[in-house]
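Just model.cif here, mmCIF, C-alpha atoms (C1' of nucleotides):
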data_work
loop_
_atom_site.label_atom_id
_atom_site.label_comp_id
_atom_site.auth_asym_id
_atom_site.auth_seq_id
_atom_site.Cartn_x
_atom_site.Cartn_y
_atom_site.Cartn_z
CA MET A 1 0.00 0.00 0.00
CA LYS A 2 2.93 2.33 0.61
CA PRO A 3 5.61 1.00 -1.70
CA GLU A 4 7.65 4.20 -1.93
CA VAL A 5 8.07 4.65 1.82
CA GLN A 6 11.60 4.07 3.04
CA ARG A 7 12.14 2.23 6.29
CA GLY A 8 12.90 4.74 9.01
CA GLN A 9 11.70 7.79 7.13
CA VAL A 10 9.51 9.04 9.96
CA LEU A 11 12.10 8.18 12.61
CA ASP A 12 14.71 10.14 10.67
CA GLY A 13 12.31 13.06 10.52
CA LEU A 14 12.00 13.07 14.30
CA LEU A 15 15.75 12.76 14.83
CA SER A 16 16.57 15.57 12.42
CA LYS A 17 14.27 17.94 14.30
CA GLY A 18 15.78 17.11 17.68
CA ILE A 19 12.61 15.50 19.02
CA ARG A 20 12.98 13.35 22.12
CA LEU A 21 12.84 9.71 21.13
CA THR A 22 11.02 7.70 23.75
CA PHE A 23 10.13 4.01 23.55
CA ARG A 24 6.44 4.85 23.28
CA ARG A 25 7.05 7.11 20.32
CA ARG A 26 9.27 4.57 18.65
CA ALA A 27 6.48 2.01 18.97
CA VAL A 28 3.82 4.28 17.44
CA VAL A 29 6.14 5.36 14.64
CA ALA A 30 7.08 1.75 13.88
CA VAL A 31 3.43 0.78 13.61
CA ILE A 32 2.52 3.63 11.24
CA GLN A 33 5.65 3.07 9.22
CA GLU A 34 5.14 -0.64 8.73
CA ALA A 35 1.36 -0.66 8.37
CA ARG A 36 0.09 -2.49 5.31
CA SER A 37 -3.20 -0.58 5.39
CA HIS A 38 -4.51 2.74 6.71
CA LEU A 39 -4.88 2.62 10.49
CA ASP A 40 -7.09 4.64 12.81
CA ALA A 41 -6.03 5.74 16.30
CA GLY A 42 -7.68 2.72 17.94
CA SER A 43 -5.93 0.04 15.91
CA LEU A 44 -2.74 2.05 16.16
CA LEU A 45 -3.03 1.77 19.93
CA ASP A 46 -3.67 -1.98 19.76
CA LYS A 47 -0.70 -2.60 17.53
CA ALA A 48 1.58 -0.33 19.53
CA ARG A 49 0.70 -2.29 22.69
CA VAL A 50 2.45 -5.35 21.27
CA GLN A 51 5.78 -3.54 21.67
CA GLU A 52 4.76 -1.27 24.54
CA PRO A 53 2.06 -3.00 26.60
CA ASN A 54 1.42 -0.04 28.91
CA ILE A 55 1.09 2.65 26.29
CA ASP A 56 -2.00 4.78 26.76
CA ARG A 57 -4.59 6.11 24.35
CA ALA A 58 -3.63 9.69 25.19
CA THR A 59 -0.01 9.05 24.25
CA VAL A 60 -1.00 7.66 20.88
CA TYR A 61 -3.14 10.73 20.19
CA ARG A 62 -0.36 13.04 21.35
CA THR A 63 2.17 11.28 19.12
CA ILE A 64 -0.17 11.49 16.13
CA GLU A 65 -0.53 15.20 16.86
CA LEU A 66 3.24 15.59 16.94
CA LEU A 67 3.79 13.77 13.67
CA LYS A 68 1.05 15.75 12.00
CA ARG A 69 2.54 19.03 13.17
CA LEU A 70 5.96 18.05 11.85
CA ARG A 71 4.28 17.09 8.57
CA LEU A 72 5.52 13.52 8.72
CA ILE A 73 2.07 11.96 8.46
CA ASP A 74 -1.27 12.85 6.88
CA LYS A 75 -4.71 12.52 8.36
CA LEU A 76 -7.39 10.90 6.22
CA ASN A 77 -11.14 10.55 6.50
CA LEU A 78 -11.59 7.82 3.90
CA MET A 79 -15.24 8.85 3.60
CA HIS A 80 -15.71 7.73 7.22
CA LEU A 81 -16.40 4.22 6.00
CA GLU A 82 -16.89 3.10 9.57
CA GLY A 83 -17.85 5.47 12.33
CA GLU A 84 -16.22 8.85 12.57
CA LYS A 85 -12.69 7.58 12.74
CA HIS A 86 -9.67 9.19 11.18
CA TYR A 87 -6.88 7.32 9.49
CA TYR A 88 -3.20 8.09 9.15
CA GLU A 89 -0.50 7.47 6.59
CA VAL A 90 3.12 8.43 6.13
CA LYS A 91 3.40 11.58 4.06
CA THR A 92 4.88 11.03 0.61
CA GLU A 93 6.28 13.51 -1.87
CA SER A 94 3.50 13.02 -4.38
CA ASN A 95 -0.09 13.58 -3.35
CA HIS A 96 -2.53 10.86 -4.19
CA ILE A 97 -6.26 10.44 -4.34
CA HIS A 98 -7.99 7.87 -2.15
CA LEU A 99 -10.80 5.93 -3.75
CA ALA A 100 -13.04 4.34 -1.12
CA CYS A 101 -15.54 1.64 -2.11
CA PHE A 102 -18.81 1.95 -0.18
CA ARG A 103 -19.63 -1.71 -0.56
CA CYS A 104 -16.43 -3.68 0.06
CA GLY A 105 -14.51 -0.98 1.91
CA ALA A 106 -11.40 -1.30 -0.24
CA ILE A 107 -9.17 1.76 -0.43
CA ARG A 108 -7.35 2.33 -3.64
CA GLU A 109 -4.77 5.03 -4.24
CA PHE A 110 -4.41 6.93 -7.46
CA THR A 111 -1.86 9.44 -8.69
CA SER A 112 -2.04 11.64 -11.74
CA PRO A 113 -0.08 14.55 -13.19
CA LEU A 114 -3.45 16.24 -13.66
CA PHE A 115 -3.67 16.55 -9.92
CA ASP A 116 -0.39 18.41 -9.64
CA ARG A 117 -1.48 20.73 -12.42
CA LEU A 118 -4.70 21.40 -10.52
CA LYS A 119 -2.71 22.28 -7.44
CA GLU A 120 -0.51 24.67 -9.42
CA GLU A 121 -3.54 26.26 -11.00
CA ILE A 122 -5.01 27.00 -7.59
CA ALA A 123 -1.77 28.43 -6.28
CA ARG A 124 -1.52 30.66 -9.34
CA GLU A 125 -5.11 31.82 -9.76
CA VAL A 126 -6.27 32.17 -6.18
CA ARG A 127 -2.84 32.73 -4.63
CA PHE A 128 -3.61 30.16 -1.97
CA GLU A 129 -0.64 28.61 -0.23
CA VAL A 130 -1.59 24.93 -0.16
CA ARG A 131 -0.34 23.07 2.92
CA ILE A 132 -2.56 20.05 3.32
CA VAL A 133 -4.40 18.25 0.57
CA ARG A 134 -7.31 15.94 1.13
CA LEU A 135 -8.72 14.27 -1.90
CA GLU A 136 -11.18 11.47 -1.47
CA PHE A 137 -13.66 9.88 -3.80
CA GLY A 138 -16.38 7.55 -2.58
CA GLY A 139 -18.16 5.16 -4.88
CA PHE A 140 -17.98 1.62 -6.17
CA CYS A 141 -14.90 -0.23 -7.23
CA ARG A 142 -14.84 -2.21 -10.44
CA ALA A 143 -15.85 -5.52 -8.89
CA CYS A 144 -18.63 -4.12 -6.71
CA ALA A 145 -20.07 -1.96 -9.50
CA SER A 146 -20.38 -4.86 -11.93
CA ASN A 147 -21.83 -7.22 -9.31
CA HIS A 148 -24.70 -4.89 -8.57
CA GLN A 149 -25.61 -3.32 -11.89
CA GLY A 150 -28.92 -1.51 -11.88
CA ARG A 151 -29.59 -1.90 -8.17
CA GLU A 152 -29.91 1.83 -7.74
CA GLU A 153 -31.89 1.63 -4.49
CA ASP A 154 -29.19 -0.48 -2.94
CA ARG A 155 -26.64 2.13 -3.93
CA ASN A 156 -28.57 4.95 -2.32
CA THR A 157 -28.59 3.05 0.92
CA ALA A 158 -24.91 2.32 0.66
CA THR A 159 -24.04 5.99 0.55
CA LEU A 160 -26.04 6.66 3.68
CA LYS A 161 -23.12 7.22 6.01
CA HIS A 162 -21.30 9.80 3.93
CA MET B 1 -21.38 31.38 -1.31
CA LYS B 2 -23.86 29.30 -3.29
CA PRO B 3 -24.81 31.55 -6.17
CA GLU B 4 -26.01 28.83 -8.53
CA VAL B 5 -28.47 27.27 -6.07
CA GLN B 6 -32.09 27.82 -7.03
CA ARG B 7 -34.62 28.57 -4.33
CA GLY B 8 -36.58 25.43 -3.54
CA GLN B 9 -34.19 23.03 -5.23
CA VAL B 10 -33.94 20.73 -2.23
CA LEU B 11 -37.65 20.94 -1.47
CA ASP B 12 -38.43 19.98 -5.05
CA GLY B 13 -36.09 17.04 -4.69
CA LEU B 14 -38.03 15.79 -1.69
CA LEU B 15 -41.41 16.29 -3.36
CA SER B 16 -40.37 14.50 -6.53
CA LYS B 17 -39.34 11.43 -4.54
CA GLY B 18 -42.59 11.30 -2.59
CA ILE B 19 -40.98 12.06 0.76
CA ARG B 20 -43.32 13.14 3.55
CA LEU B 21 -43.01 16.88 4.02
CA THR B 22 -43.26 17.74 7.69
CA PHE B 23 -42.85 21.21 9.21
CA ARG B 24 -39.60 20.12 10.87
CA ARG B 25 -38.14 18.99 7.58
CA ARG B 26 -39.25 22.15 5.84
CA ALA B 27 -37.47 24.17 8.49
CA VAL B 28 -34.18 22.25 8.17
CA VAL B 29 -34.32 22.37 4.39
CA ALA B 30 -35.04 26.10 4.41
CA VAL B 31 -32.02 26.73 6.63
CA ILE B 32 -29.61 24.70 4.47
CA GLN B 33 -31.04 26.19 1.30
CA GLU B 34 -30.73 29.80 2.39
CA ALA B 35 -27.48 29.55 4.33
CA ARG B 36 -24.89 32.12 3.34
CA SER B 37 -22.06 29.95 4.70
CA HIS B 38 -21.40 26.29 5.42
CA LEU B 39 -23.30 25.17 8.50
CA ASP B 40 -22.63 22.31 10.90
CA ALA B 41 -25.37 20.26 12.57
CA GLY B 42 -25.31 22.42 15.70
CA SER B 43 -25.84 25.77 14.00
CA LEU B 44 -28.36 24.13 11.72
CA LEU B 45 -30.34 23.15 14.82
CA ASP B 46 -30.12 26.67 16.24
CA LYS B 47 -31.31 28.27 13.03
CA ALA B 48 -34.07 25.72 12.50
CA ARG B 49 -35.39 26.47 16.01
CA VAL B 50 -36.32 29.99 14.89
CA GLN B 51 -39.03 28.48 12.71
CA GLU B 52 -39.63 25.33 14.74
CA PRO B 53 -38.81 26.01 18.39
CA ASN B 54 -39.32 22.44 19.57
CA ILE B 55 -37.25 20.70 16.93
CA ASP B 56 -34.81 18.22 18.40
CA ARG B 57 -31.16 17.48 17.67
CA ALA B 58 -32.03 13.94 16.61
CA THR B 59 -34.50 15.20 14.01
CA VAL B 60 -31.88 17.48 12.49
CA TYR B 61 -29.43 14.58 12.24
CA ARG B 62 -32.09 12.32 10.77
CA THR B 63 -33.04 14.94 8.19
CA ILE B 64 -29.40 15.47 7.22
CA GLU B 65 -29.15 11.70 6.82
CA LEU B 66 -32.20 11.68 4.56
CA LEU B 67 -30.94 14.52 2.36
CA LYS B 68 -27.55 12.89 2.06
CA ARG B 69 -29.10 9.58 1.06
CA LEU B 70 -31.20 11.27 -1.61
CA ARG B 71 -28.05 13.06 -2.80
CA LEU B 72 -29.51 16.50 -2.28
CA ILE B 73 -26.74 17.71 0.01
CA ASP B 74 -23.03 17.02 0.47
CA LYS B 75 -21.13 16.53 3.67
CA LEU B 76 -17.89 18.46 4.13
CA ASN B 77 -15.06 18.33 6.61
CA LEU B 78 -13.48 21.68 5.78
CA MET B 79 -10.25 20.46 7.35
CA HIS B 80 -12.06 20.30 10.70
CA LEU B 81 -11.17 23.93 11.28
CA GLU B 82 -12.94 23.83 14.61
CA GLY B 83 -13.51 20.61 16.49
CA GLU B 84 -14.64 17.49 14.67
CA LYS B 85 -17.74 19.02 13.16
CA HIS B 86 -19.10 18.28 9.73
CA TYR B 87 -20.59 20.86 7.43
CA TYR B 88 -23.29 20.60 4.80
CA GLU B 89 -24.06 22.28 1.51
CA VAL B 90 -26.62 21.88 -1.24
CA LYS B 91 -25.31 19.60 -3.94
CA THR B 92 -24.56 21.35 -7.22
CA GLU B 93 -23.97 19.95 -10.68
CA SER B 94 -20.34 20.95 -10.81
CA ASN B 95 -17.96 19.73 -8.13
CA HIS B 96 -15.81 22.32 -6.48
CA ILE B 97 -12.75 22.37 -4.31
CA HIS B 98 -12.89 23.92 -0.85
CA LEU B 99 -9.88 25.97 0.18
CA ALA B 100 -9.76 26.41 3.95
CA CYS B 101 -7.45 29.00 5.51
CA PHE B 102 -5.90 27.77 8.75
CA ARG B 103 -5.40 31.26 10.08
CA CYS B 104 -8.55 33.25 9.34
CA GLY B 105 -10.89 30.30 8.77
CA ALA B 106 -12.20 31.61 5.46
CA ILE B 107 -13.57 29.00 3.06
CA ARG B 108 -13.13 29.69 -0.59
CA GLU B 109 -14.59 27.59 -3.38
CA PHE B 110 -12.80 26.86 -6.62
CA THR B 111 -13.88 25.15 -9.80
CA SER B 112 -11.72 24.03 -12.69
CA PRO B 113 -12.18 21.97 -15.83
CA LEU B 114 -9.00 20.16 -14.79
CA PHE B 115 -10.96 18.65 -11.94
CA ASP B 116 -13.58 17.15 -14.22
CA ARG B 117 -10.83 15.75 -16.42
CA LEU B 118 -9.27 14.17 -13.35
CA LYS B 119 -12.58 12.56 -12.46
CA GLU B 120 -12.95 11.18 -16.00
CA GLU B 121 -9.42 9.87 -15.92
CA ILE B 122 -10.13 7.93 -12.74
CA ALA B 123 -13.36 6.50 -14.09
CA ARG B 124 -11.54 5.40 -17.24
CA GLU B 125 -8.28 4.07 -15.84
CA VAL B 126 -9.39 2.46 -12.58
CA ARG B 127 -13.01 1.81 -13.57
CA PHE B 128 -14.20 3.31 -10.33
CA GLU B 129 -17.78 4.55 -10.24
CA VAL B 130 -17.43 7.90 -8.47
CA ARG B 131 -20.41 8.81 -6.29
CA ILE B 132 -19.16 11.29 -3.76
CA VAL B 133 -16.27 13.65 -4.18
CA ARG B 134 -14.50 15.36 -1.34
CA LEU B 135 -11.78 17.75 -2.26
CA GLU B 136 -10.32 19.98 0.37
CA PHE B 137 -7.12 21.97 0.56
CA GLY B 138 -5.87 23.48 3.78
CA GLY B 139 -3.36 26.29 3.85
CA PHE B 140 -3.13 30.04 3.87
CA CYS B 141 -5.20 32.45 1.87
CA ARG B 142 -3.59 35.34 0.06
CA ALA B 143 -4.05 37.88 2.85
CA CYS B 144 -2.90 35.58 5.66
CA ALA B 145 0.09 34.27 3.71
CA SER B 146 1.45 37.74 2.97
CA ASN B 147 0.86 38.99 6.52
CA HIS B 148 3.00 36.27 8.00
CA GLN B 149 5.81 35.75 5.52
CA GLY B 150 8.68 33.68 6.83
CA ARG B 151 7.09 32.76 10.13
CA GLU B 152 7.49 29.08 9.44
CA GLU B 153 7.22 28.02 13.08
CA ASP B 154 3.90 29.77 13.40
CA ARG B 155 2.67 27.93 10.34
CA ASN B 156 3.61 24.55 11.74
CA THR B 157 1.57 25.26 14.81
CA ALA B 158 -1.34 26.45 12.75
CA THR B 159 -1.63 23.12 10.99
CA LEU B 160 -1.77 21.28 14.28
CA LYS B 161 -5.43 20.36 14.22
CA HIS B 162 -5.46 18.73 10.80
"C1'" DC C 1 -62.67 12.16 8.42
"C1'" DT C 2 -60.07 8.28 9.62
"C1'" DC C 3 -56.46 5.11 9.74
"C1'" DT C 4 -51.81 3.86 9.60
"C1'" DA C 5 -47.19 4.16 8.21
"C1'" DC C 6 -44.03 7.23 9.07
"C1'" DC C 7 -41.97 10.99 11.85
"C1'" DT C 8 -40.51 13.10 16.20
"C1'" DG C 9 -39.03 14.31 21.10
"C1'" DC C 10 -36.93 12.51 24.76
"C1'" DG C 11 -33.37 10.67 27.38
"C1'" DA C 12 -29.90 7.57 27.74
"C1'" DC C 13 -26.13 5.99 25.30
"C1'" DT C 14 -21.65 5.39 22.41
"C1'" DC C 15 -17.33 6.53 20.99
"C1'" DA C 16 -13.41 9.53 19.36
"C1'" DG C 17 -10.69 12.63 21.13
"C1'" DT C 18 -8.91 16.07 25.04
"C1'" DC C 19 -6.99 17.74 29.40
"C1'" DG C 20 -4.95 18.49 34.05
"C1'" DC C 21 -2.08 16.53 37.12
"C1'" DA C 22 1.37 13.84 39.49
"C1'" DA C 23 4.87 10.54 38.47
"C1'" DC C 24 8.35 9.18 35.38
"C1'" DT C 25 12.27 9.25 31.85
"C1'" DC C 26 15.27 10.86 28.20
"C1'" DC C 27 19.50 13.05 27.47
"C1'" DA C 28 22.60 17.33 27.81
"C1'" DC C 29 25.90 18.76 30.62
"C1'" DG C 30 29.22 18.05 34.09
"C1'" DC D 1 28.77 7.54 34.17
"C1'" DG D 2 25.48 10.44 37.34
"C1'" DT D 3 22.24 13.56 37.74
"C1'" DG D 4 18.87 17.57 37.24
"C1'" DG D 5 15.13 19.20 34.99
"C1'" DA D 6 12.40 19.91 30.83
"C1'" DG D 7 9.70 17.18 28.32
"C1'" DT D 8 6.80 12.89 28.28
"C1'" DT D 9 3.44 9.72 30.08
"C1'" DG D 10 -0.56 7.15 32.44
"C1'" DC D 11 -4.53 7.88 34.57
"C1'" DG D 12 -9.14 9.17 35.08
"C1'" DA D 13 -12.44 12.38 34.36
"C1'" DC D 14 -14.33 15.05 30.82
"C1'" DT D 15 -16.29 16.96 26.25
"C1'" DG D 16 -19.02 17.05 22.31
"C1'" DA D 17 -20.76 14.93 18.02
"C1'" DG D 18 -23.65 11.71 16.72
"C1'" DT D 19 -27.01 7.42 17.54
"C1'" DC D 20 -30.93 4.65 19.15
"C1'" DG D 21 -35.23 2.65 21.14
"C1'" DC D 22 -39.47 3.81 22.39
"C1'" DA D 23 -43.94 5.94 23.19
"C1'" DG D 24 -46.73 9.40 21.40
"C1'" DG D 25 -47.81 12.48 17.43
"C1'" DT D 26 -48.87 13.75 12.55
"C1'" DA D 27 -49.01 13.79 7.26
"C1'" DG D 28 -51.65 12.63 3.72
"C1'" DA D 29 -53.83 8.58 0.97
"C1'" DG D 30 -58.30 6.79 0.69
#

Could I get this file's structure written as structure tokens?
Amino acid sequence: MKPEVQRGQVLDGLLSKGIRLTFRRRAVVAVIQEARSHLDAGSLLDKARVQEPNIDRATVYRTIELLKRLRLIDKLNLMHLEGEKHYYEVKTESNHIHLACFRCGAIREFTSPLFDRLKEEIAREVRFEVRIVRLEFGGFCRACASNHQGREEDRNTATLKH
Amino acid sequence: MKPEVQRGQVLDGLLSKGIRLTFRRRAVVAVIQEARSHLDAGSLLDKARVQEPNIDRATVYRTIELLKRLRLIDKLNLMHLEGEKHYYEVKTESNHIHLACFRCGAIREFTSPLFDRLKEEIAREVRFEVRIVRLEFGGFCRACASNHQGREEDRNTATLKH
DNA sequence: CTCTACCTGCGACTCAGTCGCAACTCCACG
DNA sequence: CGTGGAGTTGCGACTGAGTCGCAGGTAGAG
């Protein structure tokens, strides 16, 4: 899911900014860094507890906050596919769009030069200094769309949460 | 803020689908329809109470749910500028990008043909059936960016919540 | 006008995220 | 290495958005 992420990228970011490296932080960073899917704060806590059994919810939230502020991770909504959770991923150089399937819950990432052009256009025409980009599409992935052709009512219901 | 919205557009949507038109629903719809800015559920409740003093929080949420399901309104995050609220706006034909300024809180809307091309590209290349689009940029508007040139530390802090 | 399916208020609940405080720990400096 | 203190943490109580079941109320078809 994050093929271009180098091992230790986030850790290096912390070190280079002179941030205190505690065991709790190392655990949270390791989990985000090595995650194969997008994790919310709750599952981040669970996974961090494997390394650091006594780590608290508050610490996880505070670490997320820290990493966000240092622009090492990005916060995602992923169309709030379940509940009102937020998800996190390591920040990469190139922005990408998240495609969330309402039926099967799969998250697919998509990059396009068009997107960078769009960003430039905004910076030029509106003179807006873009810092954080959140680009999410909700709908039906290829498999789910073809399995349910014509069931329009079903699709209305599926979009209920968003 | 919503120049292209026709008076009664949402109401017509409800009527055409045979939805029961209660006074409470009329009140909520009127508020969303005539709002000059993006409203969250709380301020929607407050404003609806002017017309319908006894309307309850739950009814507002249930009506929002209904309008979302019928694709008459869109849910926005607006970079969660304050708290974890969600905002709502009448759905328009053309998708637009929301630019949220972290410093002054202004929300600016932006449309571009590039965005529609991007949407087409996704539909074509990934075969994803796009239903809901959420496109939000956080950063600094023209005025705020020029007032605070070079204060990088300040800007880090400003992005803390997102 | 009446009947019923649908809508609503109420109050209790859930669940993500926050905060203040006292105890703890990283690590710069000696 | 030891140690002092700023920065970090666990804990528990809190906030605030949003949800739900239920009993009573109401729109609107007939």

Which residue is closest to chain D? Choose from B:Arg131, B:Arg26, B:Lys85, B:His80 and count all atoms listed in the file.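 When distances to chain D are compared using all atoms listed in the file, the smallest one comes from B:Lys85.
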
Within 9 Å of chain D: residues of chain A, using all atoms listed in the file, as a count of residues only: 9

CA of Leu76 in chain A sits from CA of His96 in chain A at a separation of 11.5 Å

Expressed in Å to a single decimal, how great is the separation between CA of Gln33 in chain A and CA of Ile73 in chain A?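 Rounded to one decimal, the two atoms are 9.6 Å apart.
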
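Distances from B:Thr63, B:Ser37, B:Asn95, B:Asn147 to chain C were compared using only C-alpha atoms (C1' of nucleotides), and the smallest one belongs to B:Thr63.
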
N, CA and C atoms modelled onto range 59-84 of chain A, as an mmCIF file, keeping the file's coordinate frame:
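Here's the written file result.cif:
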data_model
loop_
_atom_site.group_PDB
_atom_site.id
_atom_site.type_symbol
_atom_site.label_atom_id
_atom_site.label_comp_id
_atom_site.auth_asym_id
_atom_site.auth_seq_id
_atom_site.Cartn_x
_atom_site.Cartn_y
_atom_site.Cartn_z
ATOM 1 N N THR A 59 -1.343 8.968 24.828
ATOM 2 C CA THR A 59 -0.010 9.050 24.250
ATOM 3 C C THR A 59 -0.054 8.853 22.742
ATOM 4 N N VAL A 60 -0.860 7.892 22.314
ATOM 5 C CA VAL A 60 -1.000 7.660 20.880
ATOM 6 C C VAL A 60 -1.538 8.921 20.208
ATOM 7 N N TYR A 61 -2.587 9.517 20.774
ATOM 8 C CA TYR A 61 -3.140 10.730 20.190
ATOM 9 C C TYR A 61 -2.117 11.862 20.190
ATOM 10 N N ARG A 62 -1.347 11.967 21.281
ATOM 11 C CA ARG A 62 -0.360 13.040 21.350
ATOM 12 C C ARG A 62 0.762 12.816 20.335
ATOM 13 N N THR A 63 1.121 11.571 20.111
ATOM 14 C CA THR A 63 2.170 11.280 19.120
ATOM 15 C C THR A 63 1.663 11.574 17.708
ATOM 16 N N ILE A 64 0.436 11.191 17.428
ATOM 17 C CA ILE A 64 -0.170 11.490 16.130
ATOM 18 C C ILE A 64 -0.133 12.998 15.887
ATOM 19 N N GLU A 65 -0.537 13.734 16.906
ATOM 20 C CA GLU A 65 -0.530 15.200 16.860
ATOM 21 C C GLU A 65 0.856 15.730 16.502
ATOM 22 N N LEU A 66 1.853 15.201 17.178
ATOM 23 C CA LEU A 66 3.240 15.590 16.940
ATOM 24 C C LEU A 66 3.670 15.330 15.503
ATOM 25 N N LEU A 67 3.384 14.145 15.026
ATOM 26 C CA LEU A 67 3.790 13.770 13.670
ATOM 27 C C LEU A 67 3.062 14.585 12.610
ATOM 28 N N LYS A 68 1.816 14.919 12.912
ATOM 29 C CA LYS A 68 1.050 15.750 12.000
ATOM 30 C C LYS A 68 1.678 17.134 11.930
ATOM 31 N N ARG A 69 1.992 17.678 13.099
ATOM 32 C CA ARG A 69 2.540 19.030 13.170
ATOM 33 C C ARG A 69 3.870 19.128 12.445
ATOM 34 N N LEU A 70 4.662 18.065 12.527
ATOM 35 C CA LEU A 70 5.960 18.050 11.850
ATOM 36 C C LEU A 70 5.827 17.638 10.391
ATOM 37 N N ARG A 71 4.584 17.467 9.966
ATOM 38 C CA ARG A 71 4.280 17.090 8.570
ATOM 39 C C ARG A 71 4.952 15.791 8.150
ATOM 40 N N LEU A 72 4.957 14.831 9.059
ATOM 41 C CA LEU A 72 5.520 13.520 8.720
ATOM 42 C C LEU A 72 4.419 12.539 8.361
ATOM 43 N N ILE A 73 3.208 12.802 8.836
ATOM 44 C CA ILE A 73 2.070 11.960 8.460
ATOM 45 C C ILE A 73 0.906 12.829 7.996
ATOM 46 N N ASP A 74 -0.042 12.194 7.315
ATOM 47 C CA ASP A 74 -1.270 12.850 6.880
ATOM 48 C C ASP A 74 -2.463 12.189 7.530
ATOM 49 N N LYS A 75 -3.463 13.013 7.783
ATOM 50 C CA LYS A 75 -4.710 12.520 8.360
ATOM 51 C C LYS A 75 -5.708 12.304 7.227
ATOM 52 N N LEU A 76 -6.407 11.198 7.265
ATOM 53 C CA LEU A 76 -7.390 10.900 6.220
ATOM 54 C C LEU A 76 -8.755 10.651 6.832
ATOM 55 N N ASN A 77 -9.792 10.875 6.059
ATOM 56 C CA ASN A 77 -11.140 10.550 6.500
ATOM 57 C C ASN A 77 -11.615 9.253 5.875
ATOM 58 N N LEU A 78 -11.162 9.003 4.668
ATOM 59 C CA LEU A 78 -11.590 7.820 3.900
ATOM 60 C C LEU A 78 -13.102 7.674 3.896
ATOM 61 N N MET A 79 -13.780 8.794 3.670
ATOM 62 C CA MET A 79 -15.240 8.850 3.600
ATOM 63 C C MET A 79 -15.902 8.312 4.873
ATOM 64 N N HIS A 80 -15.174 8.259 5.954
ATOM 65 C CA HIS A 80 -15.710 7.730 7.220
ATOM 66 C C HIS A 80 -16.443 6.418 7.010
ATOM 67 N N LEU A 81 -15.752 5.491 6.347
ATOM 68 C CA LEU A 81 -16.400 4.220 6.000
ATOM 69 C C LEU A 81 -16.961 3.507 7.223
ATOM 70 N N GLU A 82 -16.267 3.599 8.346
ATOM 71 C CA GLU A 82 -16.890 3.100 9.570
ATOM 72 C C GLU A 82 -16.737 4.101 10.694
ATOM 73 N N GLY A 83 -17.870 4.510 11.232
ATOM 74 C CA GLY A 83 -17.850 5.470 12.330
ATOM 75 C C GLY A 83 -17.266 6.791 11.909
ATOM 76 N N GLU A 84 -16.781 7.540 12.866
ATOM 77 C CA GLU A 84 -16.220 8.850 12.570
ATOM 78 C C GLU A 84 -14.715 8.848 12.759
#
